[in-house]
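One file, input_16.tsv, is given below (TSV, N, CA, C and O atoms).
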```
chain	number	residue	atom	x	y	z
A	28	MET	N	-12.78	-29.23	-4.96
A	28	MET	CA	-11.55	-28.47	-4.97
A	28	MET	C	-11.69	-27.25	-5.86
A	28	MET	O	-11.30	-26.16	-5.50
A	29	SER	N	-12.26	-27.44	-7.03
A	29	SER	CA	-12.43	-26.34	-7.97
A	29	SER	C	-13.41	-25.30	-7.42
A	29	SER	O	-13.20	-24.10	-7.62
A	30	GLN	N	-14.46	-25.75	-6.76
A	30	GLN	CA	-15.42	-24.83	-6.17
A	30	GLN	C	-14.76	-23.98	-5.10
A	30	GLN	O	-15.04	-22.78	-4.99
A	31	ALA	N	-13.90	-24.59	-4.31
A	31	ALA	CA	-13.22	-23.85	-3.24
A	31	ALA	C	-12.31	-22.77	-3.83
A	31	ALA	O	-12.28	-21.65	-3.33
A	32	LEU	N	-11.59	-23.09	-4.90
A	32	LEU	CA	-10.72	-22.10	-5.53
A	32	LEU	C	-11.53	-20.96	-6.13
A	32	LEU	O	-11.13	-19.79	-6.06
A	33	LYS	N	-12.69	-21.28	-6.72
A	33	LYS	CA	-13.56	-20.24	-7.28
A	33	LYS	C	-14.09	-19.33	-6.17
A	33	LYS	O	-14.15	-18.11	-6.35
A	34	ARG	N	-14.45	-19.91	-5.04
A	34	ARG	CA	-14.95	-19.12	-3.93
A	34	ARG	C	-13.87	-18.21	-3.37
A	34	ARG	O	-14.13	-17.05	-3.04
A	35	ILE	N	-12.65	-18.72	-3.27
A	35	ILE	CA	-11.54	-17.91	-2.78
A	35	ILE	C	-11.23	-16.77	-3.74
A	35	ILE	O	-11.04	-15.62	-3.32
A	36	ALA	N	-11.19	-17.07	-5.03
A	36	ALA	CA	-10.92	-16.04	-6.03
A	36	ALA	C	-12.01	-14.96	-6.01
A	36	ALA	O	-11.72	-13.77	-6.09
A	37	ARG	N	-13.26	-15.38	-5.91
A	37	ARG	CA	-14.37	-14.42	-5.86
A	37	ARG	C	-14.30	-13.57	-4.60
A	37	ARG	O	-14.54	-12.36	-4.64
A	38	PHE	N	-13.91	-14.17	-3.48
A	38	PHE	CA	-13.75	-13.45	-2.22
A	38	PHE	C	-12.74	-12.32	-2.37
A	38	PHE	O	-13.00	-11.17	-2.00
A	39	TYR	N	-11.57	-12.62	-2.93
A	39	TYR	CA	-10.55	-11.59	-3.11
A	39	TYR	C	-10.96	-10.56	-4.16
A	39	TYR	O	-10.70	-9.36	-4.00
A	40	TYR	N	-11.57	-10.98	-5.23
A	40	TYR	CA	-12.02	-10.05	-6.27
A	40	TYR	C	-13.02	-9.05	-5.72
A	40	TYR	O	-12.90	-7.84	-5.93
A	41	GLU	N	-14.01	-9.55	-5.00
A	41	GLU	CA	-15.02	-8.66	-4.42
A	41	GLU	C	-14.41	-7.76	-3.36
A	41	GLU	O	-14.79	-6.59	-3.23
A	42	GLY	N	-13.45	-8.26	-2.62
A	42	GLY	CA	-12.80	-7.44	-1.59
A	42	GLY	C	-11.99	-6.31	-2.20
A	42	GLY	O	-12.05	-5.17	-1.73
A	43	PHE	N	-11.25	-6.58	-3.27
A	43	PHE	CA	-10.44	-5.54	-3.89
A	43	PHE	C	-11.28	-4.54	-4.68
A	43	PHE	O	-10.92	-3.37	-4.76
A	44	THR	N	-12.39	-4.97	-5.26
A	44	THR	CA	-13.21	-4.02	-6.01
A	44	THR	C	-13.98	-3.10	-5.08
A	44	THR	O	-14.31	-1.98	-5.46
A	45	GLY	N	-14.24	-3.53	-3.88
A	45	GLY	CA	-14.98	-2.71	-2.93
A	45	GLY	C	-14.11	-1.76	-2.13
A	45	GLY	O	-14.63	-0.96	-1.35
A	46	MET	N	-12.82	-1.79	-2.31
A	46	MET	CA	-11.92	-0.94	-1.52
A	46	MET	C	-11.92	0.49	-2.05
A	46	MET	O	-11.99	0.73	-3.23
A	47	LYS	N	-11.78	1.43	-1.15
A	47	LYS	CA	-11.56	2.82	-1.52
A	47	LYS	C	-10.20	3.26	-0.99
A	47	LYS	O	-9.31	3.61	-1.75
A	48	LEU	N	-10.02	3.22	0.30
A	48	LEU	CA	-8.75	3.58	0.91
A	48	LEU	C	-7.69	2.53	0.61
A	48	LEU	O	-6.52	2.85	0.41
A	49	GLY	N	-8.10	1.30	0.52
A	49	GLY	CA	-7.17	0.21	0.26
A	49	GLY	C	-6.45	0.34	-1.08
A	49	GLY	O	-5.28	0.03	-1.19
A	50	LYS	N	-7.15	0.83	-2.10
A	50	LYS	CA	-6.52	1.02	-3.41
A	50	LYS	C	-5.42	2.05	-3.33
A	50	LYS	O	-4.34	1.89	-3.91
A	51	THR	N	-5.66	3.12	-2.58
A	51	THR	CA	-4.65	4.15	-2.40
A	51	THR	C	-3.45	3.59	-1.64
A	51	THR	O	-2.30	3.86	-1.98
A	52	LEU	N	-3.71	2.81	-0.62
A	52	LEU	CA	-2.62	2.21	0.16
A	52	LEU	C	-1.81	1.23	-0.68
A	52	LEU	O	-0.58	1.18	-0.58
A	53	TRP	N	-2.48	0.45	-1.53
A	53	TRP	CA	-1.75	-0.47	-2.41
A	53	TRP	C	-0.90	0.31	-3.40
A	53	TRP	O	0.21	-0.09	-3.74
A	54	LEU	N	-1.39	1.44	-3.88
A	54	LEU	CA	-0.61	2.27	-4.78
A	54	LEU	C	0.64	2.81	-4.08
A	54	LEU	O	1.73	2.80	-4.65
A	55	VAL	N	0.49	3.22	-2.84
A	55	VAL	CA	1.64	3.69	-2.06
A	55	VAL	C	2.64	2.57	-1.88
A	55	VAL	O	3.86	2.77	-2.03
A	56	VAL	N	2.18	1.38	-1.58
A	56	VAL	CA	3.07	0.23	-1.40
A	56	VAL	C	3.82	-0.08	-2.70
A	56	VAL	O	5.04	-0.31	-2.69
A	57	LEU	N	3.13	-0.07	-3.83
A	57	LEU	CA	3.77	-0.38	-5.11
A	57	LEU	C	4.79	0.69	-5.50
A	57	LEU	O	5.88	0.37	-5.99
A	58	VAL	N	4.47	1.95	-5.27
A	58	VAL	CA	5.43	3.02	-5.56
A	58	VAL	C	6.66	2.89	-4.68
A	58	VAL	O	7.80	3.04	-5.13
A	59	LYS	N	6.44	2.58	-3.43
A	59	LYS	CA	7.55	2.41	-2.48
A	59	LYS	C	8.44	1.24	-2.90
A	59	LYS	O	9.67	1.34	-2.86
A	60	LEU	N	7.86	0.14	-3.32
A	60	LEU	CA	8.65	-1.00	-3.79
A	60	LEU	C	9.43	-0.65	-5.04
A	60	LEU	O	10.59	-1.04	-5.19
A	61	PHE	N	8.81	0.10	-5.96
A	61	PHE	CA	9.52	0.53	-7.16
A	61	PHE	C	10.73	1.38	-6.79
A	61	PHE	O	11.82	1.19	-7.33
A	62	VAL	N	10.54	2.31	-5.88
A	62	VAL	CA	11.65	3.17	-5.46
A	62	VAL	C	12.74	2.34	-4.81
A	62	VAL	O	13.93	2.52	-5.10
A	63	MET	N	12.37	1.42	-3.97
A	63	MET	CA	13.37	0.61	-3.27
A	63	MET	C	14.18	-0.23	-4.23
A	63	MET	O	15.40	-0.29	-4.13
A	64	PHE	N	13.53	-0.89	-5.17
A	64	PHE	CA	14.23	-1.85	-6.00
A	64	PHE	C	14.80	-1.26	-7.29
A	64	PHE	O	15.80	-1.75	-7.80
A	65	ALA	N	14.22	-0.22	-7.82
A	65	ALA	CA	14.70	0.32	-9.09
A	65	ALA	C	15.60	1.52	-8.89
A	65	ALA	O	16.75	1.52	-9.33
A	66	VAL	N	15.11	2.53	-8.23
A	66	VAL	CA	15.85	3.77	-8.10
A	66	VAL	C	17.07	3.61	-7.20
A	66	VAL	O	18.18	4.01	-7.56
A	67	ILE	N	16.89	3.05	-6.04
A	67	ILE	CA	18.01	2.89	-5.11
A	67	ILE	C	19.06	1.96	-5.71
A	67	ILE	O	20.26	2.23	-5.60
A	68	ARG	N	18.65	0.90	-6.36
A	68	ARG	CA	19.62	-0.01	-6.99
A	68	ARG	C	20.39	0.70	-8.10
A	68	ARG	O	21.58	0.50	-8.26
A	69	LEU	N	19.72	1.54	-8.83
A	69	LEU	CA	20.35	2.25	-9.93
A	69	LEU	C	21.44	3.19	-9.44
A	69	LEU	O	22.53	3.26	-10.02
A	70	PHE	N	21.18	3.90	-8.36
A	70	PHE	CA	22.14	4.91	-7.89
A	70	PHE	C	23.15	4.40	-6.86
A	70	PHE	O	24.28	4.88	-6.82
A	71	PHE	N	22.77	3.47	-6.01
A	71	PHE	CA	23.63	3.09	-4.90
A	71	PHE	C	24.24	1.70	-5.02
A	71	PHE	O	25.04	1.32	-4.16
A	72	MET	N	23.89	0.94	-6.02
A	72	MET	CA	24.45	-0.40	-6.18
A	72	MET	C	24.99	-0.57	-7.60
A	72	MET	O	24.37	-1.20	-8.44
A	73	PRO	N	26.16	0.00	-7.86
A	73	PRO	CA	26.71	-0.11	-9.21
A	73	PRO	C	27.15	-1.54	-9.51
A	73	PRO	O	27.40	-2.34	-8.60
A	74	ASP	N	27.25	-1.86	-10.79
A	74	ASP	CA	27.64	-3.19	-11.21
A	74	ASP	C	29.17	-3.28	-11.22
A	74	ASP	O	29.81	-3.10	-12.25
A	75	VAL	N	29.74	-3.52	-10.06
A	75	VAL	CA	31.19	-3.55	-9.89
A	75	VAL	C	31.80	-4.75	-10.61
A	75	VAL	O	32.88	-4.65	-11.18
A	76	LEU	N	31.10	-5.84	-10.61
A	76	LEU	CA	31.63	-7.06	-11.20
A	76	LEU	C	31.92	-6.91	-12.68
A	76	LEU	O	32.95	-7.39	-13.17
A	77	SER	N	31.08	-6.22	-13.41
A	77	SER	CA	31.32	-6.07	-14.84
A	77	SER	C	32.53	-5.18	-15.11
A	77	SER	O	33.20	-5.33	-16.13
A	78	HIS	N	32.85	-4.28	-14.19
A	78	HIS	CA	34.02	-3.41	-14.36
A	78	HIS	C	35.31	-4.11	-13.94
A	78	HIS	O	36.37	-3.86	-14.50
A	79	LYS	N	35.23	-4.97	-12.94
A	79	LYS	CA	36.42	-5.63	-12.41
A	79	LYS	C	36.83	-6.85	-13.21
A	79	LYS	O	38.01	-7.16	-13.29
A	80	ALA	N	35.88	-7.58	-13.75
A	80	ALA	CA	36.19	-8.81	-14.46
A	80	ALA	C	36.76	-8.48	-15.84
A	80	ALA	O	36.11	-7.85	-16.66
A	81	ALA	N	37.99	-8.93	-16.09
A	81	ALA	CA	38.65	-8.65	-17.37
A	81	ALA	C	38.09	-9.58	-18.45
A	81	ALA	O	38.07	-10.80	-18.28
A	82	GLY	N	37.67	-9.02	-19.53
A	82	GLY	CA	37.18	-9.82	-20.65
A	82	GLY	C	35.85	-10.50	-20.40
A	82	GLY	O	35.49	-11.42	-21.12
A	83	GLY	N	35.13	-10.07	-19.39
A	83	GLY	CA	33.82	-10.64	-19.13
A	83	GLY	C	33.85	-12.00	-18.43
A	83	GLY	O	32.85	-12.68	-18.36
A	84	ASP	N	35.00	-12.40	-17.94
A	84	ASP	CA	35.11	-13.69	-17.26
A	84	ASP	C	34.80	-13.51	-15.77
A	84	ASP	O	35.69	-13.48	-14.92
A	85	LYS	N	33.55	-13.39	-15.47
A	85	LYS	CA	33.11	-13.09	-14.11
A	85	LYS	C	33.36	-14.25	-13.15
A	85	LYS	O	33.73	-14.05	-12.01
A	86	ALA	N	33.18	-15.47	-13.63
A	86	ALA	CA	33.35	-16.64	-12.77
A	86	ALA	C	34.79	-16.76	-12.28
A	86	ALA	O	35.03	-17.04	-11.11
A	87	THR	N	35.73	-16.53	-13.15
A	87	THR	CA	37.14	-16.61	-12.76
A	87	THR	C	37.49	-15.51	-11.77
A	87	THR	O	38.22	-15.74	-10.80
A	88	TYR	N	36.97	-14.31	-11.99
A	88	TYR	CA	37.24	-13.20	-11.08
A	88	TYR	C	36.69	-13.50	-9.68
A	88	TYR	O	37.39	-13.32	-8.69
A	89	VAL	N	35.45	-13.96	-9.61
A	89	VAL	CA	34.85	-14.26	-8.31
A	89	VAL	C	35.61	-15.39	-7.63
A	89	VAL	O	35.88	-15.32	-6.43
A	90	SER	N	35.97	-16.41	-8.37
A	90	SER	CA	36.72	-17.53	-7.81
A	90	SER	C	38.06	-17.07	-7.25
A	90	SER	O	38.46	-17.48	-6.16
A	91	SER	N	38.77	-16.21	-7.99
A	91	SER	CA	40.07	-15.74	-7.50
A	91	SER	C	39.90	-14.86	-6.26
A	91	SER	O	40.74	-14.89	-5.35
A	92	GLN	N	38.83	-14.10	-6.19
A	92	GLN	CA	38.59	-13.26	-5.02
A	92	GLN	C	38.26	-14.10	-3.79
A	92	GLN	O	38.72	-13.80	-2.69
A	93	ILE	N	37.50	-15.15	-3.98
A	93	ILE	CA	37.14	-16.01	-2.85
A	93	ILE	C	38.33	-16.78	-2.34
A	93	ILE	O	38.60	-16.82	-1.14
A	94	THR	N	39.08	-17.39	-3.24
A	94	THR	CA	40.23	-18.19	-2.80
A	94	THR	C	41.37	-17.31	-2.32
A	94	THR	O	42.16	-17.73	-1.47
A	95	GLY	N	41.50	-16.11	-2.82
A	95	GLY	CA	42.56	-15.22	-2.39
A	95	GLY	C	42.34	-14.66	-1.00
A	95	GLY	O	43.27	-14.29	-0.31
A	96	ARG	N	41.11	-14.61	-0.55
A	96	ARG	CA	40.79	-14.06	0.76
A	96	ARG	C	40.72	-15.11	1.85
A	96	ARG	O	40.55	-14.78	3.02
A	97	MET	N	40.82	-16.37	1.47
A	97	MET	CA	40.73	-17.44	2.46
A	97	MET	C	42.00	-17.46	3.30
A	97	MET	O	43.10	-17.39	2.80
A	98	THR	N	41.83	-17.53	4.60
A	98	THR	CA	42.97	-17.63	5.50
A	98	THR	C	42.83	-18.91	6.31
A	98	THR	O	41.73	-19.35	6.62
A	99	PRO	N	43.96	-19.51	6.68
A	99	PRO	CA	43.86	-20.73	7.49
A	99	PRO	C	43.31	-20.40	8.87
A	99	PRO	O	43.52	-19.30	9.39
A	100	LEU	N	42.63	-21.36	9.44
A	100	LEU	CA	42.06	-21.18	10.76
A	100	LEU	C	43.16	-21.18	11.81
A	100	LEU	O	44.13	-21.93	11.72
A	101	ASP	N	43.02	-20.30	12.78
A	101	ASP	CA	44.00	-20.25	13.88
A	101	ASP	C	43.73	-21.41	14.84
A	101	ASP	O	42.60	-21.68	15.19
A	102	ASP	N	44.79	-22.06	15.23
A	102	ASP	CA	44.63	-23.20	16.16
A	102	ASP	C	44.70	-22.73	17.58
A	102	ASP	O	45.34	-21.87	17.97
```

Could I get this structure in the form of structure tokens?
Amino acid sequence: MSQALKRIARFYYEGFTGMKLGKTLWLVVLVKLFVMFAVIRLFFMPDVLSHKAAGGDKATYVSSQITGRMTPLDD
């Protein structure tokens, strides 16, 4: 089992060290992920819950919003 894990790790290590174009592509992927999760979240997903919840009681605010929006099923 240990030999197999060593062989797999060596396979990936040798594959990544031998890349030229692949390193550039991985850099593009990582920059794109950073932009998606950090920058877009910062500008387009404000923390509404912290502004709406009075006194920092987020659980009570969410609970009141969920139960207040519930409507009975139409028969």

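Interatomic distance, CA of Leu76 in chain A against CA of Thr94 in chain A: 16.4 Å.
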
Report task. State, in Å with one decimal place, the distance from CA of Ala65 in chain A to CA of Thr51 in chain A. Result ->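 For CA of Ala65 in chain A relative to CA of Thr51 in chain A, the distance reads 20.8 Å.
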
Query raised in the report: Could you work out how far atom C of Met63 in chain A lies from atom O of Ser77 in chain A, giving the answer in Å with one decimal?
Result: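 A separation of 23.0 Å between them.
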
Would you fill the gaps in range 46-57 of chain A so it has all heavy atoms, then print it as a PDB file, keeping the file's coordinate frame?
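Result went into result.pdb, see below:
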```pdb
ATOM      1  N   MET A  46     -12.820  -1.790  -2.310  1.00  0.00           N
ATOM      2  CA  MET A  46     -11.920  -0.940  -1.520  1.00  0.00           C
ATOM      3  C   MET A  46     -11.920   0.490  -2.050  1.00  0.00           C
ATOM      4  O   MET A  46     -11.990   0.730  -3.230  1.00  0.00           O
ATOM      5  CB  MET A  46     -10.485  -1.455  -1.620  1.00  0.00           C
ATOM      6  CG  MET A  46     -10.162  -2.588  -0.731  1.00  0.00           C
ATOM      7  SD  MET A  46      -8.406  -2.723  -0.548  1.00  0.00           S
ATOM      8  CE  MET A  46      -8.032  -3.982  -1.712  1.00  0.00           C
ATOM      9  N   LYS A  47     -11.780   1.430  -1.150  1.00  0.00           N
ATOM     10  CA  LYS A  47     -11.560   2.820  -1.520  1.00  0.00           C
ATOM     11  C   LYS A  47     -10.200   3.260  -0.990  1.00  0.00           C
ATOM     12  O   LYS A  47      -9.310   3.610  -1.750  1.00  0.00           O
ATOM     13  CB  LYS A  47     -12.676   3.695  -0.994  1.00  0.00           C
ATOM     14  CG  LYS A  47     -13.987   3.485  -1.730  1.00  0.00           C
ATOM     15  CD  LYS A  47     -15.031   4.443  -1.249  1.00  0.00           C
ATOM     16  CE  LYS A  47     -16.355   4.304  -1.919  1.00  0.00           C
ATOM     17  NZ  LYS A  47     -16.773   3.071  -2.454  1.00  0.00           N
ATOM     18  N   LEU A  48     -10.020   3.220   0.300  1.00  0.00           N
ATOM     19  CA  LEU A  48      -8.750   3.580   0.910  1.00  0.00           C
ATOM     20  C   LEU A  48      -7.690   2.530   0.610  1.00  0.00           C
ATOM     21  O   LEU A  48      -6.520   2.850   0.410  1.00  0.00           O
ATOM     22  CB  LEU A  48      -8.918   3.743   2.425  1.00  0.00           C
ATOM     23  CG  LEU A  48      -7.641   4.044   3.218  1.00  0.00           C
ATOM     24  CD1 LEU A  48      -7.096   5.401   2.791  1.00  0.00           C
ATOM     25  CD2 LEU A  48      -7.923   4.013   4.695  1.00  0.00           C
ATOM     26  N   GLY A  49      -8.100   1.300   0.520  1.00  0.00           N
ATOM     27  CA  GLY A  49      -7.170   0.210   0.260  1.00  0.00           C
ATOM     28  C   GLY A  49      -6.450   0.340  -1.080  1.00  0.00           C
ATOM     29  O   GLY A  49      -5.280   0.030  -1.190  1.00  0.00           O
ATOM     30  N   LYS A  50      -7.150   0.830  -2.100  1.00  0.00           N
ATOM     31  CA  LYS A  50      -6.520   1.020  -3.410  1.00  0.00           C
ATOM     32  C   LYS A  50      -5.420   2.050  -3.330  1.00  0.00           C
ATOM     33  O   LYS A  50      -4.340   1.890  -3.910  1.00  0.00           O
ATOM     34  CB  LYS A  50      -7.560   1.421  -4.447  1.00  0.00           C
ATOM     35  CG  LYS A  50      -8.502   0.308  -4.830  1.00  0.00           C
ATOM     36  CD  LYS A  50      -9.499   0.772  -5.859  1.00  0.00           C
ATOM     37  CE  LYS A  50     -10.496  -0.338  -6.172  1.00  0.00           C
ATOM     38  NZ  LYS A  50     -11.493   0.069  -7.141  1.00  0.00           N
ATOM     39  N   THR A  51      -5.660   3.120  -2.580  1.00  0.00           N
ATOM     40  CA  THR A  51      -4.650   4.150  -2.400  1.00  0.00           C
ATOM     41  C   THR A  51      -3.450   3.590  -1.640  1.00  0.00           C
ATOM     42  O   THR A  51      -2.300   3.860  -1.980  1.00  0.00           O
ATOM     43  CB  THR A  51      -5.230   5.352  -1.639  1.00  0.00           C
ATOM     44  OG1 THR A  51      -6.391   5.803  -2.316  1.00  0.00           O
ATOM     45  CG2 THR A  51      -4.232   6.473  -1.545  1.00  0.00           C
ATOM     46  N   LEU A  52      -3.710   2.810  -0.620  1.00  0.00           N
ATOM     47  CA  LEU A  52      -2.620   2.210   0.160  1.00  0.00           C
ATOM     48  C   LEU A  52      -1.810   1.230  -0.680  1.00  0.00           C
ATOM     49  O   LEU A  52      -0.580   1.180  -0.580  1.00  0.00           O
ATOM     50  CB  LEU A  52      -3.180   1.525   1.407  1.00  0.00           C
ATOM     51  CG  LEU A  52      -3.794   2.462   2.437  1.00  0.00           C
ATOM     52  CD1 LEU A  52      -4.382   1.657   3.584  1.00  0.00           C
ATOM     53  CD2 LEU A  52      -2.781   3.452   2.946  1.00  0.00           C
ATOM     54  N   TRP A  53      -2.480   0.450  -1.530  1.00  0.00           N
ATOM     55  CA  TRP A  53      -1.750  -0.470  -2.410  1.00  0.00           C
ATOM     56  C   TRP A  53      -0.900   0.310  -3.400  1.00  0.00           C
ATOM     57  O   TRP A  53       0.210  -0.090  -3.740  1.00  0.00           O
ATOM     58  CB  TRP A  53      -2.709  -1.387  -3.164  1.00  0.00           C
ATOM     59  CG  TRP A  53      -3.042  -2.614  -2.363  1.00  0.00           C
ATOM     60  CD1 TRP A  53      -4.224  -2.901  -1.760  1.00  0.00           C
ATOM     61  CD2 TRP A  53      -2.171  -3.702  -2.064  1.00  0.00           C
ATOM     62  NE1 TRP A  53      -4.140  -4.100  -1.106  1.00  0.00           N
ATOM     63  CE2 TRP A  53      -2.892  -4.621  -1.278  1.00  0.00           C
ATOM     64  CE3 TRP A  53      -0.853  -3.994  -2.374  1.00  0.00           C
ATOM     65  CZ2 TRP A  53      -2.334  -5.799  -0.806  1.00  0.00           C
ATOM     66  CZ3 TRP A  53      -0.297  -5.188  -1.905  1.00  0.00           C
ATOM     67  CH2 TRP A  53      -1.038  -6.059  -1.131  1.00  0.00           C
ATOM     68  N   LEU A  54      -1.390   1.440  -3.880  1.00  0.00           N
ATOM     69  CA  LEU A  54      -0.610   2.270  -4.780  1.00  0.00           C
ATOM     70  C   LEU A  54       0.640   2.810  -4.080  1.00  0.00           C
ATOM     71  O   LEU A  54       1.730   2.800  -4.650  1.00  0.00           O
ATOM     72  CB  LEU A  54      -1.458   3.435  -5.308  1.00  0.00           C
ATOM     73  CG  LEU A  54      -0.758   4.381  -6.274  1.00  0.00           C
ATOM     74  CD1 LEU A  54      -0.395   3.644  -7.568  1.00  0.00           C
ATOM     75  CD2 LEU A  54      -1.635   5.570  -6.565  1.00  0.00           C
ATOM     76  N   VAL A  55       0.490   3.220  -2.840  1.00  0.00           N
ATOM     77  CA  VAL A  55       1.640   3.690  -2.060  1.00  0.00           C
ATOM     78  C   VAL A  55       2.640   2.570  -1.880  1.00  0.00           C
ATOM     79  O   VAL A  55       3.860   2.770  -2.030  1.00  0.00           O
ATOM     80  CB  VAL A  55       1.171   4.255  -0.694  1.00  0.00           C
ATOM     81  CG1 VAL A  55       2.343   4.489   0.238  1.00  0.00           C
ATOM     82  CG2 VAL A  55       0.378   5.521  -0.892  1.00  0.00           C
ATOM     83  N   VAL A  56       2.180   1.380  -1.580  1.00  0.00           N
ATOM     84  CA  VAL A  56       3.070   0.230  -1.400  1.00  0.00           C
ATOM     85  C   VAL A  56       3.820  -0.080  -2.700  1.00  0.00           C
ATOM     86  O   VAL A  56       5.040  -0.310  -2.690  1.00  0.00           O
ATOM     87  CB  VAL A  56       2.277  -1.009  -0.919  1.00  0.00           C
ATOM     88  CG1 VAL A  56       3.106  -2.273  -1.017  1.00  0.00           C
ATOM     89  CG2 VAL A  56       1.793  -0.798   0.498  1.00  0.00           C
ATOM     90  N   LEU A  57       3.130  -0.070  -3.830  1.00  0.00           N
ATOM     91  CA  LEU A  57       3.770  -0.380  -5.110  1.00  0.00           C
ATOM     92  C   LEU A  57       4.790   0.690  -5.500  1.00  0.00           C
ATOM     93  O   LEU A  57       5.880   0.370  -5.990  1.00  0.00           O
ATOM     94  CB  LEU A  57       2.718  -0.556  -6.194  1.00  0.00           C
ATOM     95  CG  LEU A  57       1.834  -1.788  -6.028  1.00  0.00           C
ATOM     96  CD1 LEU A  57       0.746  -1.797  -7.089  1.00  0.00           C
ATOM     97  CD2 LEU A  57       2.655  -3.055  -6.079  1.00  0.00           C
TER      98      LEU A  57
END
```
